[in-house]
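Each remark here refers to the structure printed beneath this line.
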Amino acid sequence: MTFSEGVQLVSFIILTAIVLGGAAGVVLLRSMVHSAFLLGLVFIGAAGLYVLLNADFVAAAQILIYVGAVNVLILFAIMLVNKRIPTDRPVFSPRNAVTGLVCAGLFALLAVCIFQVPWQIQEPVAMNTVIEIGKRFFSEFLLPFEVASVLLLLAMVGAIILAQREYIPDRAEGEPEPLALPERPRDEVDTTPTGRR
Amino acid sequence: MFVLSGYDALLIFLMLSALVPVLALTISSLLRPKGSGAFRTTTYESGVDPRGDSWIQFNIRYYMFALVFVVFDVETVFLYPWAAAFNQLGLLAFIEALIFIAILVVALVYAWRKGALEWT
């Protein structure tokens with residue numbers, strides 16, 4: 001075993017420990033915020049595993065999208081929900097048993113799949129994948145590249161429309177407020193110096 | 001087999017950057033006074049007395065910032081290969097990337113006009 005192989009083995013062990021330990025923490029910790037931060041750690045560990053597999057662009061995208069965007073959205077959602085989980089829930093409840101059963105079944109299925117599929121393992125080629133992807137973007141995948149920006153535009157418009165909850169009133173002046181589904185009450189903005197965060 | 005080059009520098013960088021918070025906390029624990037008043041365990045809140053619980057409900061408005069951020073974050077992933085291959089691509093690719101950005105500027109203008117970027 002050469003020095004570089006040793007470094008890779010140690011890196012793999014450390015990254016796997018980070019991913020597995022972090023994932024266990026995400027499931028087992030009581031505080032949702034702690035779980036969300038640990039999820040970010042799991043994503044970073046997965047990015048490290050991608051680097052070990054010579055997929056540097058996938059690793060960069062993993063950090064940018066999963067750690068930068070998905071995890072931030074999850075944290076925002078937790079901060080907005082404002083729901084305290086009662087800390088005295090039993091660990092061995094029927095609900096947790098069903099969840100564990102489903103997860104164990106999924107794990108067994110994936111493990112069987114991974115061991116049964118005859119993977120075609122190729123020798124890795126030393127090349128700059130990011131530049132290669134950039135060249136392909138502007139030659140054969142130009143239309144999907146441009147359509148992606150339209151898709152992002154649509155996503156932004158849809159997200160803003162959903163988040164703002166604007167509506168056109170379909171009633172005349174003086175009519176009473178229509179009955180609506182109960183929603184989260186809107187907060188008045190706290191203008192005291194400490195209230196603004 | 002690992003073929004990517006330049007990652008030994010990244011490894012050293014990661015080790016050094018992991019050392020920074022450890023050193024910062026260790027040195028400050030050596031220097032700081034060992035007092036343990038009641039104020040020591042209170043939450044730091046911009047220098048004023050904290051009020052209420054630290055777990056508050058944030059305004060839904062902040063979710064808009066996050067959503068707008070996510071869209072432009074995904075845009076970065078698409079522009080990163082373009083920037084890396086910029087020298088080998090030429091003028092046409094530059095114009096195509098400008099079209100890509102222009103479509104997303106429309107999204108930014110929409111968010112701006114809808115007030116999604118307003119802080120208060």
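Chain labels A, B, ... are given in the sequence in which chains occur in the structure tokens; within each chain residues are numbered consecutively from 1, and ligands are likewise numbered from 1 in the order shown.
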
Give me the chain A side of the contact with chain B, cut-off 7 Å, one line per residue showing its nearest atom pair and distance in Å at one decimal, counting only C-alpha atoms, sorted by chain and residue number, as JSON lines.
```
{"residue": "A:Leu52", "atom": "CA", "partner": "B:Phe2", "partner_atom": "CA", "distance": 6.5}
{"residue": "A:Leu53", "atom": "CA", "partner": "B:Phe2", "partner_atom": "CA", "distance": 6.9}
{"residue": "A:Asn54", "atom": "CA", "partner": "B:Leu4", "partner_atom": "CA", "distance": 6.0}
{"residue": "A:Ala61", "atom": "CA", "partner": "B:Val77", "partner_atom": "CA", "distance": 6.1}
{"residue": "A:Leu64", "atom": "CA", "partner": "B:Asp73", "partner_atom": "CA", "distance": 6.8}
{"residue": "A:Ile65", "atom": "CA", "partner": "B:Val74", "partner_atom": "CA", "distance": 6.5}
{"residue": "A:Ala69", "atom": "CA", "partner": "B:Val70", "partner_atom": "CA", "distance": 5.1}
{"residue": "A:Leu73", "atom": "CA", "partner": "B:Ala66", "partner_atom": "CA", "distance": 6.2}
{"residue": "A:Phe76", "atom": "CA", "partner": "B:Tyr63", "partner_atom": "CA", "distance": 6.3}
{"residue": "A:Met79", "atom": "CA", "partner": "B:Phe58", "partner_atom": "CA", "distance": 6.0}
{"residue": "A:Leu80", "atom": "CA", "partner": "B:Phe58", "partner_atom": "CA", "distance": 5.1}
{"residue": "A:Val81", "atom": "CA", "partner": "B:Gln57", "partner_atom": "CA", "distance": 6.7}
{"residue": "A:Asn82", "atom": "CA", "partner": "B:Gln57", "partner_atom": "CA", "distance": 5.0}
{"residue": "A:Pro124", "atom": "CA", "partner": "B:Val3", "partner_atom": "CA", "distance": 6.8}
{"residue": "A:Ala126", "atom": "CA", "partner": "B:Val3", "partner_atom": "CA", "distance": 5.5}
{"residue": "A:Val130", "atom": "CA", "partner": "B:Pro81", "partner_atom": "CA", "distance": 5.2}
{"residue": "A:Ile131", "atom": "CA", "partner": "B:Ala85", "partner_atom": "CA", "distance": 4.6}
{"residue": "A:Ile133", "atom": "CA", "partner": "B:Pro81", "partner_atom": "CA", "distance": 6.0}
{"residue": "A:Gly134", "atom": "CA", "partner": "B:Pro81", "partner_atom": "CA", "distance": 4.2}
{"residue": "A:Lys135", "atom": "CA", "partner": "B:Ala85", "partner_atom": "CA", "distance": 6.5}
{"residue": "A:Phe138", "atom": "CA", "partner": "B:Ala93", "partner_atom": "CA", "distance": 6.0}
{"residue": "A:Glu146", "atom": "CA", "partner": "B:Phe100", "partner_atom": "CA", "distance": 5.7}
{"residue": "A:Ser149", "atom": "CA", "partner": "B:Phe100", "partner_atom": "CA", "distance": 5.8}
{"residue": "A:Val150", "atom": "CA", "partner": "B:Ile103", "partner_atom": "CA", "distance": 6.5}
{"residue": "A:Leu152", "atom": "CA", "partner": "B:Val71", "partner_atom": "CA", "distance": 6.1}
{"residue": "A:Leu153", "atom": "CA", "partner": "B:Ala107", "partner_atom": "CA", "distance": 5.1}
{"residue": "A:Met156", "atom": "CA", "partner": "B:Ala107", "partner_atom": "CA", "distance": 6.4}
{"residue": "A:Val157", "atom": "CA", "partner": "B:Ala107", "partner_atom": "CA", "distance": 7.0}
{"residue": "A:Ala159", "atom": "CA", "partner": "B:Leu67", "partner_atom": "CA", "distance": 6.8}
{"residue": "A:Ile160", "atom": "CA", "partner": "B:Met64", "partner_atom": "CA", "distance": 6.7}
{"residue": "A:Ala163", "atom": "CA", "partner": "B:Met64", "partner_atom": "CA", "distance": 6.7}
```

Exercise for review: Write out as a PyMOL selection string each polymer residue whose atoms come within 12 Å of Leu20 in chain A, counting only C-alpha atoms; drop sequence neighbours fewer than 2 positions from it.
Suggested key: chain A and resi 12-18+22-27+38-39+41-43+45-46

For the selection just defined, write its residues with N, CA and C atoms to a file, as a compact mmCIF listing (two decimals), in the first residue's frame.
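What landed in out-v2.txt:
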```
# COMPACT_ATOMS: atom_id res chain seq x y z
N PHE A 12 -11.35 7.84 3.66
CA PHE A 12 -12.63 7.14 3.47
C PHE A 12 -13.23 6.74 4.80
N ILE A 13 -12.39 6.24 5.71
CA ILE A 13 -12.91 5.81 7.02
C ILE A 13 -13.47 7.02 7.78
N ILE A 14 -12.72 8.13 7.75
CA ILE A 14 -13.19 9.32 8.47
C ILE A 14 -14.51 9.82 7.88
N LEU A 15 -14.57 9.89 6.53
CA LEU A 15 -15.78 10.42 5.89
C LEU A 15 -16.97 9.50 6.14
N THR A 16 -16.73 8.18 6.09
CA THR A 16 -17.83 7.26 6.35
C THR A 16 -18.32 7.40 7.79
N ALA A 17 -17.38 7.58 8.72
CA ALA A 17 -17.78 7.77 10.11
C ALA A 17 -18.60 9.05 10.25
N ILE A 18 -18.18 10.12 9.54
CA ILE A 18 -18.93 11.38 9.61
C ILE A 18 -20.35 11.17 9.08
N GLY A 22 -23.33 11.20 11.61
CA GLY A 22 -24.21 12.35 11.42
C GLY A 22 -25.63 11.92 11.11
N ALA A 23 -25.77 10.90 10.27
CA ALA A 23 -27.11 10.43 9.91
C ALA A 23 -27.83 9.87 11.13
N ALA A 24 -27.08 9.12 11.96
CA ALA A 24 -27.70 8.61 13.19
C ALA A 24 -28.12 9.77 14.09
N GLY A 25 -27.28 10.82 14.14
CA GLY A 25 -27.62 11.97 14.96
C GLY A 25 -28.86 12.69 14.44
N VAL A 26 -28.97 12.79 13.11
CA VAL A 26 -30.14 13.45 12.51
C VAL A 26 -31.41 12.76 12.97
N VAL A 27 -31.36 11.43 13.03
CA VAL A 27 -32.57 10.69 13.38
C VAL A 27 -32.80 10.72 14.89
N LEU A 38 -26.66 18.78 11.71
CA LEU A 38 -25.97 17.51 11.46
C LEU A 38 -26.21 17.02 10.04
N LEU A 39 -27.41 17.33 9.51
CA LEU A 39 -27.69 16.95 8.12
C LEU A 39 -26.71 17.65 7.18
N LEU A 41 -23.70 18.42 7.95
CA LEU A 41 -22.44 17.67 8.10
C LEU A 41 -22.47 16.40 7.25
N VAL A 42 -23.62 15.72 7.23
CA VAL A 42 -23.75 14.51 6.41
C VAL A 42 -23.54 14.85 4.94
N PHE A 43 -24.14 15.96 4.50
CA PHE A 43 -23.98 16.36 3.10
C PHE A 43 -22.52 16.66 2.79
N GLY A 45 -19.91 15.37 4.27
CA GLY A 45 -19.22 14.10 4.22
C GLY A 45 -19.46 13.37 2.90
N ALA A 46 -20.70 13.45 2.41
CA ALA A 46 -21.00 12.82 1.11
C ALA A 46 -20.20 13.51 0.01
```

Exercise for review: Could you please determine the separation between CA of Ile12 in chain B and CA of Val7 in chain A in Å, to one decimal place?
Suggested key: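 We find that CA of Ile12 in chain B and CA of Val7 in chain A lie 12.1 Å from each other.
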
Review point. Can you tell me how far CA of Thr26 in chain B sits from CA of Tyr44 in chain B, in Å to one decimal?
Key: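 Answer for the CA of Thr26 in chain B to CA of Tyr44 in chain B separation: 20.3 Å.
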
Review point. So what do you get for CA of Asp56 in chain A versus CA of Thr129 in chain A, distance-wise?
Key: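 Value for the CA of Asp56 in chain A-CA of Thr129 in chain A distance: 7.3 Å.
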